Amino acid sequence: MTARIHTRSHAVPVAAEDDDRLPPARFAFGSATWKEVAHLHLNLLEGILGFVYVSLWLYAGALLSVTVVGLPLLAAGLMGARVLGRAERWRARVLLGVRIDEPSPLPRHRARGFLSRMWMTLKDPVAWRSTLYAFIRLPWGVLTFAIALTSLFVAWPVLGHIARGLTNVDRAMVRGLLSPSSELERRIAELEEDRGVVVDTAAADLRRIERDLHDGAQARLVALAMGLGLAKERLLEDPEAGARMVDEAHGEVKLALQELRDLARGIHPAILTDRGLGPALTSVAGRCTVPVNVAVDLESRPAPAIEGIAYFTVSELLQNISKHSGARTAEVELWRAADRLLIRVCDDGRGGASTARGSGLAGLAERLGSVDGLFVVDSPAGGPTVVTAELPWRSRTDGHASARP
């Protein structure tokens with residue numbers, strides 16, 4: 001029997017010749033600190049450039065404001081101040097790590113004429129805050145440049161703390177003066193746009209009603225009056241012909257009444273006012289050429305404005321289904337979820353519906369957007385089509401009964 005003996009060799013450590021080598025040299029501060037120091041040194045240059053620019057156009061524009069060129073000069077200077085503000089936001093983002101959203105641009109496309117655009121620029125709060133920022137930066141830039149440069153040579157151990165304290169003031173200035181007007185500015189812009197949509201929609205509805213009255217009921221009533229006049233003359237000469245003309249006039253009266261009912265229903269149906277969304281939408285579904293299943297689950301009625309928008313939204317969607325979908329069945333669902341009124345209309349048609357500009361669905365999307373609503377169309381080629389709409393829920397405050405729809 002042979003035994004195997006394993007031996008373990010112990011290596012004796014040998015001192016390397018370069019044991020006394022020094023570690024590689026490196027800066028004592030991290031990149032963030034050096035970015036802050038660079039920002040403080042650039043404050044002087046930025047302060048001088050901003051102060052000189054603001055002084056030139058502001059004082060010149062103020063002195064020349066009594067002349068023709070004064071106000072345009074102020075407007076041009078404010079536009080340049082916006083550019084300076086954008087540059088400072090970029091510098092703060094790169095060197096200080098402060099991310100400030102860009103303010104919304106001025107809606108100059110809504111202004112009509114040079115004077116209107118100039119007045120809009122003169123009222124721009126973002127440009128005036130950028131001007132104030134550039135104006136007060138010169139003394140602060142001189143101070144921070146002097147402190148940072150001195151600390152770089154005589155206060156090296158505490159340079160990081162000094163740079164952090166000074167740049168915190170810079171961060172506060174950027175956030176306070178160069179930020180957009182937070183949510184308020186965005187909300188005001190949205191409300192101005194929504195107001196324009198509401199005004200345009202109301203004007204279009206008035207034109208439609210006027211056109212329907214002029215081309216429909218009014219023309220039919222004029223023809224009816226002429227027919228009755230002729231029948232009156234023929235009654236004495238030819239009673240039988242006069243009676244036939246009266247019968248025709250009676251038929252015209254029925255058609256005129258039907259057109260007036262349809263027109264009144266298009267303005268605001270009485271059944272919606274009296275009984276609510278459930279019966280009103282059931283009535284609309286009964287006139288659709290496609291069988292429609294309506295399900296309305298609401299414990300109370302919303303405000304009349306929201307109720308009317310919901311009614312006309314479903315009504316137009318059902319008209320589109322009748323005319324364009326080629327569907328066999330359709331469904332309408334309404335329910336409340338928290339503070340939102342949800343609408344879902346779907347059909348099993350050919351699909352391909354879109355909210356592209358100029359379509360009827362685009363108009364519906366704009367109308368719902370004007371009241372903080374939402375309109376989403378999912379309609380792949382070949383179907384099915386599912387349209388989801390949301391409206392803000394506002395309860396009735398007009399004393400109407402809140403009967404279950």
# chains A, B, ... in the order shown; residues from 1 in each chain; ligands from 1
$ residues_around --residues "Leu42 in chain A" --least-positions-apart "3" --cutoff "12 Å" --atoms "only C-alpha atoms" --output "list of chain:residue names"
A:Lys35, A:Glu36, A:Val37, A:Ala38, A:His39, A:Leu45, A:Glu46, A:Gly47, A:Ile48, A:Leu49, A:Glu88, A:Arg91, A:Ala92, A:Leu95, A:Arg137, A:Leu138, A:Trp140, A:Gly141, A:Val142, A:Leu143, A:Thr144, A:Phe145, A:Ala146, A:Ala148, A:Leu149, A:Thr167, A:Asp170
$ residues_around --residues "range 125-127 of chain A" --least-positions-apart "6" --cutoff "12 Å" --atoms "only C-alpha atoms" --output "ChimeraX atom specification"
/A:54,74-86,102-106,133-134,176-182,185
$ residues_around --residues "Ser322 in chain A" --least-positions-apart "4" --cutoff "12 Å" --atoms "only C-alpha atoms" --output "ChimeraX atom specification"
/A:284-292,315-318,326-330,347-349
$ closest_residue --among "A:Ala87, A:Ala280, A:Phe135, A:Arg336" --to "Leu58 in chain A" --atoms "only C-alpha atoms"
A:Phe135
$ atom_distance --atom1 "CA of Asp378 in chain A" --atom2 "CA of Ala365 in chain A"
13.4 Å
$ closest_residue --among "A:Ala270, A:Ala381, A:Leu281, A:Met118" --to "Gly70 in chain A" --atoms "only C-alpha atoms"
A:Met118
$ atom_distance --atom1 "CA of Pro302 in chain A" --atom2 "CA of Leu341 in chain A"
8.5 Å
$ closest_residue --among "A:Ala338, A:Leu44, A:Leu159, A:Ile321" --to "Gly30 in chain A" --atoms "only C-alpha atoms"
A:Leu159
$ atom_distance --atom1 "CA of Pro139 in chain A" --atom2 "CA of Val52 in chain A"
12.7 Å
